[in-house]
$ cat my_file_4.cif   # mmCIF, C-alpha atoms
data_model
#
loop_
_atom_site.label_atom_id
_atom_site.label_comp_id
_atom_site.auth_asym_id
_atom_site.auth_seq_id
_atom_site.Cartn_x
_atom_site.Cartn_y
_atom_site.Cartn_z
CA MET K 46 121.20 78.28 117.06
CA ARG K 47 124.52 76.47 117.25
CA LEU K 48 127.83 78.27 116.71
CA ALA K 49 130.97 76.29 115.91
CA VAL K 50 134.20 78.14 116.72
CA LEU K 51 137.24 76.79 114.89
CA GLY K 52 140.37 77.73 116.75
CA GLY K 53 138.27 77.41 119.88
CA GLY K 54 141.28 77.15 122.16
CA GLY K 55 142.49 80.53 120.97
CA PHE K 56 143.15 83.44 123.29
CA ARG K 57 140.44 85.73 121.87
CA VAL K 58 137.56 83.25 122.02
CA PRO K 59 136.31 84.70 125.35
CA LEU K 60 135.64 87.98 123.53
CA VAL K 61 133.18 86.16 121.27
CA TYR K 62 131.51 84.36 124.15
CA GLY K 63 131.26 87.60 126.12
CA ALA K 64 129.40 89.19 123.21
CA LEU K 65 127.02 86.22 123.09
CA LEU K 66 126.33 86.61 126.81
CA ARG K 67 125.24 90.21 126.24
CA ASP K 68 122.92 89.23 123.38
CA ARG K 69 119.39 88.61 124.69
CA ALA K 70 117.36 88.93 121.47
CA ARG K 71 115.78 85.91 119.79
CA PRO K 72 116.73 83.76 118.06
CA ARG K 73 120.10 83.63 119.74
CA VAL K 74 123.05 81.26 119.94
CA GLU K 75 122.14 78.60 122.49
CA GLU K 76 125.14 76.32 122.06
CA VAL K 77 128.79 77.01 121.31
CA VAL K 78 131.02 74.17 120.14
CA LEU K 79 134.73 74.93 120.45
CA HIS K 80 137.08 73.05 118.14
CA ASP K 81 140.86 73.06 118.38
CA VAL K 82 143.73 70.68 117.66
CA SER K 83 144.90 71.16 121.28
CA GLN K 84 142.78 69.61 124.03
CA ASP K 85 144.92 71.39 126.60
CA ARG K 86 144.10 74.83 125.19
CA LEU K 87 140.41 73.94 124.92
CA GLU K 88 140.29 73.06 128.61
CA VAL K 89 141.87 76.38 129.58
CA ILE K 90 139.48 78.45 127.46
CA GLU K 91 136.50 76.41 128.68
CA ARG K 92 137.42 77.44 132.24
CA VAL K 93 137.57 81.09 131.24
CA LEU K 94 134.16 80.87 129.57
CA ALA K 95 132.62 79.16 132.60
CA GLN K 96 133.77 82.01 134.81
CA LEU K 97 132.54 84.59 132.29
CA ALA K 98 129.11 82.94 132.35
CA ALA K 99 128.83 82.95 136.15
CA GLY K 100 125.90 85.10 137.21
CA HIS K 101 124.32 85.21 133.75
CA ASP K 102 120.88 83.76 133.20
CA ASP K 103 120.64 81.13 130.51
CA PRO K 104 124.18 81.42 129.09
CA PRO K 105 124.94 79.54 125.84
CA ALA K 106 126.03 75.99 126.57
CA VAL K 107 129.66 75.19 125.75
CA ARG K 108 131.05 71.95 124.35
CA THR K 109 134.61 71.23 123.24
CA THR K 110 136.02 68.78 120.72
CA THR K 111 139.18 68.06 118.79
CA ASP K 112 137.17 66.41 116.00
CA LEU K 113 136.32 68.83 113.20
CA ASP K 114 133.31 66.92 111.89
CA THR K 115 131.77 66.79 115.38
CA ALA K 116 132.16 70.55 115.70
CA LEU K 117 130.63 71.33 112.32
CA ARG K 118 127.68 68.96 112.26
CA ASP K 119 124.36 70.87 112.37
CA ALA K 120 126.03 74.24 112.94
CA THR K 121 124.02 77.36 112.10
CA PHE K 122 127.11 79.56 112.00
CA VAL K 123 130.80 78.67 111.82
CA PHE K 124 133.33 81.14 113.13
CA SER K 125 136.80 80.36 111.73
CA ALA K 126 139.79 81.77 113.58
CA ILE K 127 142.45 79.13 113.05
CA ARG K 128 146.22 79.67 113.09
CA VAL K 129 148.00 77.01 111.06
CA GLY K 130 151.44 76.55 112.59
CA GLY K 131 150.51 78.33 115.80
CA LEU K 132 152.56 81.16 117.23
CA ALA K 133 155.73 79.25 116.33
CA GLY K 134 154.73 79.71 112.70
CA ARG K 135 154.02 83.39 113.26
CA THR K 136 157.43 83.83 114.82
CA ALA K 137 159.01 82.34 111.69
CA ASP K 138 156.79 84.52 109.46
CA GLU K 139 158.38 87.55 111.08
CA ARG K 140 161.94 86.35 111.64
CA VAL K 141 162.70 84.94 108.17
CA ALA K 142 161.77 88.25 106.54
CA LEU K 143 163.62 90.37 109.10
CA ASP K 144 166.78 88.31 108.65
CA LEU K 145 166.68 89.36 104.98
CA GLY K 146 166.12 93.01 105.85
CA LEU K 147 162.43 92.94 104.91
CA LEU K 148 159.26 93.69 106.82
CA GLY K 149 158.47 90.97 109.36
CA GLN K 150 154.71 91.12 109.99
CA GLU K 151 152.14 88.34 110.13
CA THR K 152 149.66 89.54 107.49
CA THR K 153 151.51 92.20 105.47
CA GLY K 154 154.36 91.44 103.09
CA PRO K 155 156.38 88.20 103.10
CA GLY K 156 154.99 86.99 106.43
CA GLY K 157 151.45 87.26 105.16
CA ILE K 158 152.36 85.27 102.05
CA ALA K 159 153.95 82.50 104.13
CA PHE K 160 150.92 82.48 106.41
CA GLY K 161 148.59 82.22 103.42
CA LEU K 162 150.56 79.49 101.65
CA ARG K 163 150.17 77.10 104.58
CA THR K 164 146.66 78.20 105.60
CA VAL K 165 144.80 78.12 102.27
CA PRO K 166 144.79 74.29 101.92
CA VAL K 167 143.55 73.85 105.51
CA ALA K 168 140.85 76.52 105.07
CA VAL K 169 139.63 74.90 101.86
CA ARG K 170 139.41 71.50 103.59
CA VAL K 171 137.38 73.15 106.35
CA ALA K 172 135.08 74.64 103.71
CA GLU K 173 134.61 71.20 102.15
CA ARG K 174 133.61 69.71 105.51
CA VAL K 175 131.18 72.58 106.13
CA ALA K 176 129.60 71.94 102.71
CA ALA K 177 129.23 68.26 103.57
CA LEU K 178 128.02 68.50 107.19
CA ALA K 179 126.36 71.91 107.53
CA PRO K 180 125.45 73.06 104.02
CA GLY K 181 123.04 75.68 105.35
CA ALA K 182 125.60 77.25 107.69
CA TRP K 183 127.15 80.68 107.26
CA VAL K 184 130.93 80.81 107.72
CA ILE K 185 132.32 83.98 109.27
CA ASN K 186 136.03 84.04 108.60
CA PHE K 187 138.53 85.88 110.75
CA THR K 188 141.44 83.59 109.87
CA ASN K 189 144.28 85.72 108.52
CA PRO K 190 145.14 86.84 105.92
CA ALA K 191 141.37 87.35 106.07
CA GLY K 192 140.68 88.54 102.51
CA MET K 193 142.85 85.87 100.92
CA ILE K 194 141.45 83.04 103.04
CA THR K 195 137.87 84.17 102.46
CA GLU K 196 138.52 84.20 98.70
CA ALA K 197 139.95 80.67 98.84
CA MET K 198 136.98 79.35 100.84
CA ARG K 199 134.55 80.99 98.41
CA GLY K 200 135.66 78.44 95.82
CA VAL K 201 133.74 75.87 97.86
CA LEU K 202 131.09 77.83 99.77
CA GLY K 203 130.34 80.78 97.50
CA ASP K 204 128.45 83.62 99.15
CA ARG K 205 127.99 81.69 102.39
CA VAL K 206 131.48 82.63 103.59
CA ILE K 207 132.09 86.22 104.71
CA GLY K 208 135.32 87.72 105.99
CA ILE K 209 135.45 90.17 108.86
CA CYS K 210 138.07 92.49 110.32
CA ASP K 211 137.90 95.09 113.07
CA SER K 212 140.41 97.55 111.56
CA PRO K 213 137.92 99.48 109.36
CA ILE K 214 135.28 99.92 112.04
CA GLY K 215 137.96 101.01 114.49
CA LEU K 216 139.17 103.67 112.04
CA ILE K 217 135.64 104.92 111.42
CA ARG K 218 134.88 104.98 115.14
CA ARG K 219 138.00 107.04 115.84
CA ALA K 220 137.35 109.45 112.96
CA ALA K 221 133.77 110.10 114.08
CA ALA K 222 134.74 110.49 117.74
CA ALA K 223 137.47 113.00 116.82
CA LEU K 224 134.72 115.22 115.40
CA GLY K 225 132.42 114.65 118.35
CA LEU K 226 129.99 112.59 116.27
CA ASP K 227 128.13 109.39 117.06
CA PRO K 228 129.85 106.61 115.02
CA ALA K 229 126.46 104.94 114.56
CA ARG K 230 125.19 107.98 112.65
CA VAL K 231 127.96 108.33 110.07
CA SER K 232 128.19 106.67 106.67
CA PRO K 233 131.73 105.73 105.60
CA ASP K 234 133.20 105.75 102.11
CA TYR K 235 135.70 102.98 102.82
CA VAL K 236 137.18 100.79 100.10
CA GLY K 237 140.09 98.43 99.54
CA LEU K 238 141.33 94.99 100.52
CA ASN K 239 141.74 93.50 103.96
CA HIS K 240 144.51 95.45 105.75
CA LEU K 241 144.79 97.66 102.67
CA GLY K 242 141.95 100.15 102.59
CA TRP K 243 141.23 103.87 102.73
CA LEU K 244 138.52 105.98 104.38
CA ARG K 245 137.86 108.53 101.64
CA GLY K 246 134.71 110.12 103.01
CA LEU K 247 132.54 110.25 106.12
CA THR K 248 128.97 111.41 105.61
CA TYR K 249 127.00 112.91 108.49
CA GLU K 250 123.53 114.36 107.95
CA GLY K 251 124.10 114.45 104.20
CA ARG K 252 127.51 116.15 104.27
CA ASP K 253 131.02 114.72 103.95
CA VAL K 254 132.80 115.74 107.17
CA LEU K 255 136.13 114.08 106.40
CA PRO K 256 137.60 117.29 104.85
CA ARG K 257 136.80 119.08 108.12
CA LEU K 258 138.65 116.38 110.07
CA LEU K 259 141.68 116.49 107.76
CA ALA K 260 141.90 120.26 108.17
CA ASP K 261 141.75 120.20 111.98
CA ASP K 262 145.15 119.59 113.63
CA GLU K 263 143.66 118.96 117.08
CA ALA K 264 141.02 116.56 115.78
CA LEU K 265 143.58 114.61 113.72
CA ARG K 266 145.72 114.10 116.82
CA ARG K 267 142.83 112.10 118.26
CA VAL K 268 142.92 109.61 115.36
CA GLU K 269 145.53 106.90 115.83
CA GLU K 270 145.97 106.34 112.08
CA ALA K 271 146.72 110.03 111.55
CA ARG K 272 149.29 109.95 114.35
CA LEU K 273 150.88 106.85 112.81
CA LEU K 274 151.17 108.24 109.29
CA GLY K 275 151.40 111.95 110.05
CA ALA K 276 148.94 114.76 109.41
CA ASP K 277 150.79 116.00 106.33
CA TRP K 278 150.70 112.60 104.65
CA VAL K 279 147.00 111.88 105.26
CA ARG K 280 146.21 115.35 103.93
CA THR K 281 148.28 114.60 100.85
CA LEU K 282 146.35 111.37 100.35
CA GLU K 283 143.06 113.15 101.08
CA ALA K 284 142.05 110.03 102.99
CA LEU K 285 142.65 108.19 106.24
CA PRO K 286 144.43 104.90 105.46
CA ASN K 287 143.94 101.65 107.32
CA GLU K 288 146.65 101.38 109.99
CA TYR K 289 148.39 98.53 108.12
CA LEU K 290 149.25 100.91 105.28
CA TYR K 291 151.91 102.29 107.59
CA TYR K 292 153.98 99.28 106.52
CA TYR K 293 153.73 100.33 102.85
CA TYR K 294 154.15 104.08 103.22
CA PHE K 295 156.90 103.93 105.88
CA THR K 296 158.57 100.63 105.10
CA ARG K 297 162.13 101.58 106.07
CA GLU K 298 161.01 103.03 109.38
CA ALA K 299 158.87 99.98 110.13
CA VAL K 300 161.66 97.51 109.37
CA ALA K 301 164.16 99.49 111.45
CA SER K 302 161.78 99.67 114.40
CA ILE K 303 160.79 96.00 114.32
CA SER K 304 164.41 94.93 113.89
CA GLY K 305 165.31 96.76 117.08
CA ARG K 306 162.87 94.88 119.29
CA THR K 307 161.54 91.41 119.97
CA PRO K 308 159.07 90.63 117.15
CA ARG K 309 155.44 90.62 118.24
CA GLY K 310 154.97 86.94 117.49
CA GLU K 311 157.72 86.01 119.95
CA SER K 312 156.30 88.33 122.59
CA LEU K 313 152.80 86.91 122.20
CA ARG K 314 154.12 83.37 122.30
CA THR K 315 155.83 84.05 125.64
CA GLN K 316 152.79 85.88 126.98
CA GLN K 317 150.26 83.25 125.93
CA ASP K 318 152.40 80.34 127.11
CA GLY K 319 152.42 82.10 130.47
CA PHE K 320 148.66 82.58 130.42
CA TYR K 321 147.82 78.96 129.62
CA ALA K 322 150.32 77.72 132.21
CA ALA K 323 148.93 80.09 134.86
CA VAL K 324 145.37 78.85 134.32
CA ARG K 325 146.46 75.24 134.52
CA GLU K 326 148.21 76.02 137.80
CA ARG K 327 145.45 78.24 139.24
CA PRO K 328 142.20 77.30 137.46
CA GLY K 329 140.12 79.36 139.87
CA ARG K 330 141.79 82.51 138.48
CA ALA K 331 141.23 81.67 134.81
CA LEU K 332 139.17 84.77 134.01
CA ALA K 333 141.44 87.10 135.97
CA GLU K 334 144.52 85.71 134.21
CA TRP K 335 142.86 86.08 130.83
CA ASP K 336 141.79 89.65 131.50
CA ARG K 337 145.28 90.62 132.62
CA ALA K 338 146.89 89.05 129.53
CA ARG K 339 144.29 90.61 127.21
CA LYS K 340 145.00 94.13 128.43
CA GLU K 341 148.73 93.57 128.00
CA ARG K 342 148.20 92.20 124.50
CA ASP K 343 145.92 95.04 123.40
CA ALA K 344 148.28 97.72 124.68
CA SER K 345 151.19 96.29 122.67
CA TYR K 346 149.31 96.16 119.33
CA MET K 347 151.42 97.81 116.57
CA ALA K 348 153.71 99.20 119.28
CA GLU K 349 156.67 99.26 116.87
CA ALA K 350 154.83 101.73 114.65
CA ARG K 351 153.46 103.87 117.47
CA ASP K 352 156.86 104.18 119.12
CA VAL K 353 158.76 105.29 116.03
CA THR K 354 156.09 107.85 115.10
CA ASP K 355 155.47 109.11 118.65
CA ALA K 356 151.84 108.12 118.21
CA GLY K 357 151.60 107.45 121.94
CA GLU K 358 149.66 104.84 123.87
CA ARG K 359 146.46 103.37 122.51
CA ASP K 360 143.36 105.20 123.72
CA ALA K 361 141.71 103.41 126.66
CA ALA K 362 138.18 104.14 125.42
CA ASP K 363 139.10 102.75 122.01
CA LEU K 364 140.38 99.53 123.58
CA GLU K 365 137.21 99.11 125.60
CA ALA K 366 134.97 99.67 122.55
CA GLY K 367 135.63 96.13 121.34
CA GLY K 368 136.40 94.77 117.91
CA TYR K 369 135.79 91.76 115.76
CA GLU K 370 133.54 89.98 118.26
CA GLY K 371 131.00 92.80 117.93
CA ILE K 372 131.16 92.64 114.15
CA ALA K 373 130.65 88.88 114.19
CA LEU K 374 127.64 89.15 116.51
CA ALA K 375 126.08 91.96 114.47
CA LEU K 376 126.54 89.96 111.28
CA MET K 377 124.96 86.83 112.78
CA ALA K 378 122.08 88.88 114.18
CA ALA K 379 121.38 90.57 110.85
CA ILE K 380 121.27 87.26 108.99
CA ALA K 381 119.40 85.24 111.63
CA ARG K 382 116.88 87.91 112.63
CA GLY K 383 116.60 89.93 109.45
CA GLU K 384 117.99 92.99 111.24
CA THR K 385 119.00 95.20 108.31
CA ALA K 386 122.49 96.62 108.75
CA THR K 387 125.30 98.19 106.76
CA MET K 388 128.73 96.76 107.59
CA ILE K 389 132.23 96.74 106.15
CA LEU K 390 132.94 93.13 105.20
CA ASN K 391 135.19 91.01 103.01
CA VAL K 392 133.02 89.82 100.11
CA ARG K 393 133.14 89.05 96.39
CA ASN K 394 133.73 92.21 94.39
CA GLY K 395 131.49 91.70 91.38
CA ALA K 396 131.36 95.21 89.95
CA ALA K 397 131.50 97.06 93.30
CA VAL K 398 135.13 98.22 93.00
CA PRO K 399 136.04 99.15 89.42
CA GLY K 400 139.49 97.99 88.40
CA LEU K 401 139.61 94.86 90.57
CA PRO K 402 138.62 91.37 89.34
CA ALA K 403 134.99 90.36 89.74
CA GLU K 404 135.96 87.22 91.69
CA ALA K 405 138.32 89.11 94.02
CA VAL K 406 137.34 89.47 97.67
CA VAL K 407 137.35 93.15 98.64
CA GLU K 408 136.69 94.99 101.90
CA ILE K 409 133.82 97.43 101.42
CA PRO K 410 130.46 98.51 102.84
CA CYS K 411 127.75 95.88 102.44
CA ALA K 412 124.01 95.67 103.06
CA VAL K 413 123.13 92.73 105.33
CA ASP K 414 119.72 91.24 106.12
CA GLY K 415 118.01 87.89 106.41
CA SER K 416 118.73 87.08 102.77
CA GLY K 417 122.47 87.48 103.17
CA VAL K 418 125.09 90.04 102.20
CA ARG K 419 125.15 92.41 99.24
CA ALA K 420 128.21 94.45 98.27
CA LEU K 421 127.50 98.15 97.76
CA ALA K 422 128.96 99.99 94.79
CA THR K 423 131.88 102.32 95.48
CA ARG K 424 133.38 105.32 93.74
CA PRO K 425 136.40 104.42 91.56
CA LEU K 426 139.70 104.37 93.38
CA PRO K 427 142.24 106.97 92.24
CA SER K 428 145.34 105.44 90.62
CA ARG K 429 147.51 106.12 93.68
CA PHE K 430 145.32 103.65 95.60
CA LEU K 431 144.12 101.34 92.83
CA GLY K 432 147.58 100.39 91.59
CA LEU K 433 148.66 99.16 95.02
CA ALA K 434 145.39 97.28 95.54
CA GLN K 435 145.69 95.60 92.13
CA GLN K 436 149.26 94.49 92.83
CA VAL K 437 148.49 93.08 96.27
CA LYS K 438 145.36 91.34 94.96
CA ALA K 439 147.44 89.71 92.22
CA VAL K 440 149.78 88.42 94.93
CA GLU K 441 146.86 87.04 96.97
CA GLN K 442 145.45 85.19 93.98
CA THR K 443 148.88 83.79 93.14
CA VAL K 444 149.21 82.53 96.72
CA ILE K 445 145.87 80.74 96.46
CA GLU K 446 146.82 79.11 93.17
CA ALA K 447 150.24 78.10 94.50
CA ALA K 448 148.85 76.63 97.72
CA LEU K 449 146.13 74.61 96.01
CA SER K 450 148.42 73.30 93.28
CA GLY K 451 151.53 72.79 95.43
CA SER K 452 153.56 74.74 92.87
CA SER K 453 156.84 76.02 94.32
CA ARG K 454 157.31 78.14 91.19
CA LEU K 455 154.09 80.02 91.86
CA ALA K 456 154.92 80.36 95.54
CA VAL K 457 158.19 82.09 94.66
CA ALA K 458 156.28 84.25 92.17
CA ALA K 459 153.92 85.38 94.94
CA PHE K 460 156.86 86.63 96.98
CA ALA K 461 158.54 88.23 93.97
CA LEU K 462 155.39 90.11 92.91
CA HIS K 463 154.81 91.70 96.29
CA PRO K 464 155.68 95.42 96.49
CA LEU K 465 157.55 94.89 99.78
CA VAL K 466 159.94 92.30 98.29
CA ASP K 467 162.86 93.84 96.41
CA SER K 468 164.05 91.12 94.02
CA VAL K 469 163.34 87.71 92.55
CA GLY K 470 166.48 86.41 94.22
CA THR K 471 165.17 87.54 97.58
CA ALA K 472 161.87 85.83 96.81
CA HIS K 473 163.70 82.52 96.37
CA ARG K 474 165.53 83.01 99.68
CA LEU K 475 162.27 83.83 101.43
CA PHE K 476 160.57 80.70 100.15
CA ASP K 477 163.51 78.49 101.07
CA GLY K 478 163.74 80.08 104.52
CA TYR K 479 160.07 79.65 105.29
CA ARG K 480 160.02 76.09 104.03
CA ALA K 481 163.00 75.29 106.27
CA HIS K 482 161.47 76.85 109.39
CA ILE K 483 157.74 76.07 109.11
CA PRO K 484 156.85 72.34 108.86
CA GLU K 485 153.25 73.10 107.83
CA LEU K 486 154.50 75.03 104.80
CA ALA K 487 156.99 72.33 103.91
CA THR K 488 154.09 69.87 103.87
CA VAL K 489 152.35 71.94 101.16
CA PHE K 490 155.58 72.31 99.16
CA PRO K 491 157.65 69.17 99.83
CA THR K 492 160.04 69.79 96.91
#
$ encode --input "my_file_4.cif" --output "structure tokens"
Amino acid sequence: MRLAVLGGGGFRVPLVYGALLRDRARPRVEEVVLHDVSQDRLEVIERVLAQLAAGHDDPPAVRTTTDLDTALRDATFVFSAIRVGGLAGRTADERVALDLGLLGQETTGPGGIAFGLRTVPVAVRVAERVAALAPGAWVINFTNPAGMITEAMRGVLGDRVIGICDSPIGLIRRAAAALGLDPARVSPDYVGLNHLGWLRGLTYEGRDVLPRLLADDEALRRVEEARLLGADWVRTLEALPNEYLYYYYFTREAVASISGRTPRGESLRTQQDGFYAAVRERPGRALAEWDRARKERDASYMAEARDVTDAGERDAADLEAGGYEGIALALMAAIARGETATMILNVRNGAAVPGLPAEAVVEIPCAVDGSGVRALATRPLPSRFLGLAQQVKAVEQTVIEAALSGSSRLAVAAFALHPLVDSVGTAHRLFDGYRAHIPELATVFPT
């Protein structure tokens, strides 16, 4: 099988390749084609992968290219992890909002809208090239905002594009471990949108054990999401929210904390520039440099929220458990080998989540096998969750329409409709600010 990785010069690509190296079942990925707009970044990542493969028998071959069509042709699977505008764009996503006193975060709130507005047209063009050159391929999308981008690509590829995220599985893993249970033996009642979901139940041997977790102070302290949002609040919700809901439930605290530090996008830009430069200078240490930078990056994830809530350092075992690369490999294995699995994925809603549009992409448990992916029905969301999900989904769909039509009016509307934006006037200032600072967005909305 051939895997095309779009964004192949990206920092996290070695995680995917490492997972492929550990996979010995058949059929397996035999060739990986890395695509990126930067030849320089491709060369650095190719060195890291070569050192990862050292000592492994029959590692997947690696090719690199800056030509999209070359990467996609004859692919079995396409893994999309592109960042339109690079880390410079992410820095602007955060800074423009913060300068207006709003949340500055890459996927949640104004920053996520700006990211989506410039990414949707590129993602749709990618989908069109996949349809033309590899019509039988499955696209696994990790490009953020993952739910929105998956929904946009579905307009071309239908059910053959699936979005993934590691936040839900991380939450479930932590909740099960806090109770001393094997995460592989629990069944989660998780429902929502990407970066906007709730774990409402956790079934083990036929019983929902989530109420036991919510009632246990010591166990809750072992769950990062409960430390972030507070035991009292998760008990009030009667659910464990996805970590990104911190930005909705504690908006003032989040803005104050982020405003008092260097935004994460700027920190990552400095860190990754240093990594790529170090590998170019000392190519023999490529893997060591990557591993050092990865640990630093992982430890700083959502640090602004953990610091203000005294949530503490991220758990070392949790960091080592892995994330989206494992989900991607499990998904490919289930489809290619017919290995039946249940996974939380970003897929078309249909009738699975009452109250959300049928065409909306939602993040819910799905059955996966050789025939593809099937969304599993969920219990209705209570109004305290459904109303927020409906509003954010309306914003996502407005972003898609704005980006594909080039309508500045709809782009402003997307900002104005978001629950983390406080006025229509602010929405206009956000749009003007992003257009002034991000060339790729100005290209979509020239006037």
$ atom_distance --input "my_file_4.cif" --atom1 "atom CA of K:Leu332" --atom2 "atom CA of K:Gln96"
6.1 Å
$ closest_residue --input "my_file_4.cif" --among "K:Gly329, K:Gly149, K:Gly161, K:Pro425" --to "K:Thr307" --atoms "only C-alpha atoms"
K:Gly149
$ atom_distance --input "my_file_4.cif" --atom1 "atom CA of K:Val407" --atom2 "atom CA of K:Leu238"
4.8 Å
$ residues_near_point --input "my_file_4.cif" --point "(135.2, 97.2, 104.7)" --cutoff "10 Å" --atoms "all atoms listed in the file" --output "ChimeraX atom specification"
/K:208-214,233-244,388-392,407-411,420
$ resolve_selection --input "my_file_4.cif" --expression "the PyMOL selection byres ((chain K and resi 429-434) around 12)" --output "count of residues only"
45
$ decode --input "my_file_4.cif" --residues "stretch 464-491 of chain K" --atoms "C-alpha atoms" --output "mmCIF file, in the first residue's frame"
data_model
loop_
_atom_site.group_PDB
_atom_site.id
_atom_site.type_symbol
_atom_site.label_atom_id
_atom_site.label_comp_id
_atom_site.auth_asym_id
_atom_site.auth_seq_id
_atom_site.Cartn_x
_atom_site.Cartn_y
_atom_site.Cartn_z
ATOM 1 C CA PRO K 464 -20.025 32.683 20.880
ATOM 2 C CA LEU K 465 -16.510 33.928 21.731
ATOM 3 C CA VAL K 466 -16.879 37.124 19.661
ATOM 4 C CA ASP K 467 -18.726 39.902 21.478
ATOM 5 C CA SER K 468 -20.062 42.175 18.727
ATOM 6 C CA VAL K 469 -20.572 42.623 15.008
ATOM 7 C CA GLY K 470 -18.205 45.588 15.108
ATOM 8 C CA THR K 471 -15.508 43.382 16.590
ATOM 9 C CA ALA K 472 -16.172 40.832 13.866
ATOM 10 C CA HIS K 473 -15.410 43.460 11.217
ATOM 11 C CA ARG K 474 -12.172 44.405 13.001
ATOM 12 C CA LEU K 475 -11.158 40.760 13.242
ATOM 13 C CA PHE K 476 -11.701 40.174 9.546
ATOM 14 C CA ASP K 477 -9.811 43.313 8.564
ATOM 15 C CA GLY K 478 -6.966 42.446 10.934
ATOM 16 C CA TYR K 479 -6.577 38.913 9.672
ATOM 17 C CA ARG K 480 -6.757 39.987 6.054
ATOM 18 C CA ALA K 481 -4.021 42.555 6.709
ATOM 19 C CA HIS K 482 -1.702 40.095 8.470
ATOM 20 C CA ILE K 483 -2.225 36.801 6.594
ATOM 21 C CA PRO K 484 -1.505 36.915 2.828
ATOM 22 C CA GLU K 485 -3.158 33.529 2.240
ATOM 23 C CA LEU K 486 -6.435 34.852 3.661
ATOM 24 C CA ALA K 487 -6.183 38.053 1.661
ATOM 25 C CA THR K 488 -5.886 35.910 -1.464
ATOM 26 C CA VAL K 489 -9.274 34.300 -0.701
ATOM 27 C CA PHE K 490 -10.871 37.678 0.088
ATOM 28 C CA PRO K 491 -9.066 40.271 -2.057
#
